[in-house]
$ cat model15.txt   # compact mmCIF, C-alpha atoms
# COMPACT_ATOMS: atom_id res chain seq x y z
CA ALA A 11 39.68 65.95 -196.51
CA PRO A 12 38.81 69.39 -197.86
CA SER A 13 39.83 72.52 -196.01
CA LEU A 14 37.16 74.25 -193.94
CA SER A 15 36.76 76.97 -196.56
CA GLU A 16 36.38 74.37 -199.32
CA ALA A 17 33.87 72.47 -197.20
CA GLU A 18 31.87 75.64 -196.49
CA ARG A 19 31.78 76.47 -200.19
CA GLU A 20 30.78 72.90 -201.15
CA LEU A 21 28.08 72.90 -198.49
CA ALA A 22 26.67 76.24 -199.67
CA ASP A 23 26.78 75.11 -203.31
CA ALA A 24 25.09 71.79 -202.51
CA LEU A 25 22.40 73.49 -200.43
CA ARG A 26 21.71 75.98 -203.23
CA ALA A 27 21.63 73.27 -205.91
CA THR A 28 19.39 71.03 -203.82
CA ALA A 29 16.97 73.84 -203.05
CA GLU A 30 16.84 74.87 -206.71
CA GLU A 31 16.25 71.29 -207.86
CA LEU A 32 13.54 70.66 -205.28
CA ALA A 33 11.85 73.96 -206.18
CA ARG A 34 12.05 73.08 -209.88
CA LEU A 35 10.51 69.67 -209.21
CA ASP A 36 7.81 71.25 -207.02
CA VAL A 37 7.64 68.17 -204.78
CA ALA A 38 7.41 69.87 -201.40
CA ARG A 39 4.91 68.54 -198.90
CA TRP A 40 4.38 69.68 -195.32
CA ARG A 41 4.39 66.92 -192.74
CA PRO A 42 3.04 68.26 -189.44
CA GLU A 43 4.42 65.28 -187.54
CA LEU A 44 7.94 66.54 -188.27
CA ALA A 45 7.44 70.01 -186.76
CA GLU A 46 9.09 69.01 -183.47
CA SER A 47 12.05 67.40 -185.24
CA LEU A 48 12.59 70.49 -187.37
CA ALA A 49 12.38 72.75 -184.33
CA ALA A 50 15.01 70.63 -182.57
CA ILE A 51 17.29 70.84 -185.60
CA ARG A 52 16.88 74.61 -185.82
CA GLY A 53 17.40 74.98 -182.11
CA HIS A 54 20.31 73.04 -180.81
CA GLY A 55 20.23 69.65 -182.45
CA ARG A 56 23.32 67.67 -181.65
CA ALA A 57 25.82 69.93 -179.91
CA PRO A 58 29.13 69.69 -181.77
CA GLU A 59 30.93 71.15 -178.75
CA ALA A 60 30.27 67.81 -177.10
CA VAL A 61 31.85 66.04 -180.07
CA LEU A 62 34.85 68.29 -180.68
CA ALA A 63 37.55 68.39 -178.06
CA PRO A 64 38.86 71.74 -176.84
CA GLY A 65 41.30 73.30 -179.26
CA TYR A 66 39.26 73.04 -182.43
CA PRO A 67 38.96 76.33 -184.31
CA PRO A 68 35.62 78.16 -183.90
CA ARG A 69 35.18 77.91 -187.66
CA ALA A 70 35.34 74.11 -187.39
CA VAL A 71 32.54 74.18 -184.81
CA LYS A 72 30.49 76.43 -187.12
CA VAL A 73 31.02 74.18 -190.15
CA LEU A 74 30.28 71.05 -188.13
CA THR A 75 27.10 72.57 -186.69
CA GLN A 76 25.82 73.58 -190.11
CA ALA A 77 26.74 70.24 -191.67
CA GLN A 78 25.04 68.26 -188.91
CA ARG A 79 21.88 70.36 -189.14
CA LEU A 80 21.71 70.02 -192.93
CA ALA A 81 22.38 66.28 -192.68
CA ALA A 82 19.50 65.93 -190.22
CA ILE A 83 17.18 67.91 -192.52
CA ALA A 84 18.19 65.82 -195.54
CA ASP A 85 17.57 62.67 -193.49
CA LEU A 86 14.07 63.84 -192.56
CA ALA A 87 13.34 64.80 -196.16
CA GLY A 88 14.54 61.42 -197.39
CA GLN A 89 12.18 59.44 -195.19
CA ASP A 90 9.42 59.57 -197.78
CA GLU A 91 8.71 60.60 -201.36
CA GLY A 92 7.60 64.12 -200.47
CA GLY A 93 5.07 65.40 -202.98
CA SER A 94 6.49 63.30 -205.82
CA VAL A 95 3.84 62.02 -208.17
CA THR A 96 5.94 60.05 -210.65
CA ALA A 97 8.84 57.65 -210.24
CA LEU A 98 11.06 60.11 -212.13
CA GLU A 99 10.23 62.91 -209.71
CA SER A 100 10.97 60.59 -206.82
CA ARG A 101 14.37 59.60 -208.26
CA LEU A 102 15.33 63.22 -209.03
CA ARG A 103 14.30 64.30 -205.54
CA ALA A 104 16.32 61.49 -203.95
CA SER A 105 19.32 62.35 -206.13
CA ALA A 106 19.23 65.99 -205.03
CA LEU A 107 19.13 64.92 -201.38
CA VAL A 108 22.05 62.51 -201.89
CA GLU A 109 24.21 65.36 -203.18
CA LEU A 110 23.41 67.42 -200.10
CA GLU A 111 24.16 64.47 -197.83
CA ARG A 112 27.51 63.95 -199.57
CA ALA A 113 28.45 67.60 -198.99
CA THR A 114 27.47 67.35 -195.32
CA ARG A 115 29.71 64.32 -194.84
CA ARG A 116 32.66 66.09 -196.47
CA ALA A 117 32.07 69.19 -194.32
CA GLN A 118 31.99 67.11 -191.15
CA LEU A 119 35.21 65.41 -192.22
CA ALA A 120 36.83 68.81 -192.82
CA ALA A 121 35.74 70.01 -189.38
CA TYR A 122 37.17 66.94 -187.65
CA HIS A 123 40.42 67.17 -189.61
CA SER A 124 40.88 70.91 -189.07
CA ILE A 125 42.90 70.44 -185.90
CA LEU A 126 45.20 67.94 -187.61
CA GLU A 127 46.11 70.37 -190.38
CA PRO A 128 45.72 73.89 -188.96
CA GLY A 129 47.20 75.42 -192.12
CA ARG A 130 44.21 74.14 -194.09
CA VAL A 131 41.62 76.03 -192.02
CA ASP A 132 41.20 78.85 -194.57
$ encode --input "model15.txt" --output "structure tokens"
Amino acid sequence: APSLSEAERELADALRATAEELARLDVARWRPELAESLAAIRGHGRAPEAVLAPGYPPRAVKVLTQAQRLAAIADLAGQDEGGSVTALESRLRASALVELERATRRAQLAAYHSILEPGRVD
């Protein structure tokens, strides 16, 4: 598992790359039916404090929270083709989302492992 700092960096890089790719593809589409889901993700979403036992570093909670929120957003975005017009746009969009999902899984793993290897927190 990566350290928390590695996971944070990977998550930030993946988010940036995904956002840039999606902007380049120009395949955004607003779906009003998802407004409530997005508000829940922005608000509290799944509370990692309920998942992490006492003793986890605050940074682990922060990384886990961010990773879970981004994973939920990527999941919502992956439920349809967005504004994709061609099959190529659809594949490129899906590929960008997969990279973000991969980074969120690694970040969650780092958060869960942070108590096992406290020296790897930074």
$ residues_near_point --input "model15.txt" --point "(42.8, 76.5, -180.5)" --cutoff "12 Å" --atoms "all atoms listed in the file" --output "MDAnalysis selection string"
chainID A and resid 62:71 124:126 128 131
$ closest_residue --input "model15.txt" --among "A:Ala106, A:Ile83, A:Val95, A:Leu74" --to "Glu18 in chain A" --atoms "only C-alpha atoms"
A:Leu74
$ atom_distance --input "model15.txt" --atom1 "CA of Val108 in chain A" --atom2 "CA of Ala49 in chain A"
22.5 Å
$ residues_around --input "model15.txt" --residues "Arg115 in chain A" --least-positions-apart "2" --cutoff "12 Å" --atoms "only C-alpha atoms" --output "PyMOL selection string"
chain A and resi 11-12+17-18+20-21+24+73-82+84+108-113+117-122
$ closest_residue --input "model15.txt" --among "A:Val37, A:Ala22, A:Ala50, A:Ala45" --to "Glu91 in chain A" --atoms "all atoms listed in the file"
A:Val37
$ closest_residue --input "model15.txt" --among "A:Leu14, A:Arg116, A:Leu107, A:Lys72" --to "Ala29 in chain A" --atoms "all atoms listed in the file"
A:Leu107
$ closest_residue --input "model15.txt" --among "A:Thr114, A:Thr96, A:Ser105, A:Gln89" --to "Arg41 in chain A" --atoms "only C-alpha atoms"
A:Gln89
$ residues_around --input "model15.txt" --residues "Ala38 in chain A" --least-positions-apart "6" --cutoff "12 Å" --atoms "only C-alpha atoms" --output "VMD selection string"
chain A and resid 29 to 32 87 to 88 90 to 95 99 to 100 103
$ atom_distance --input "model15.txt" --atom1 "CA of Ala33 in chain A" --atom2 "CA of Arg101 in chain A"
14.7 Å
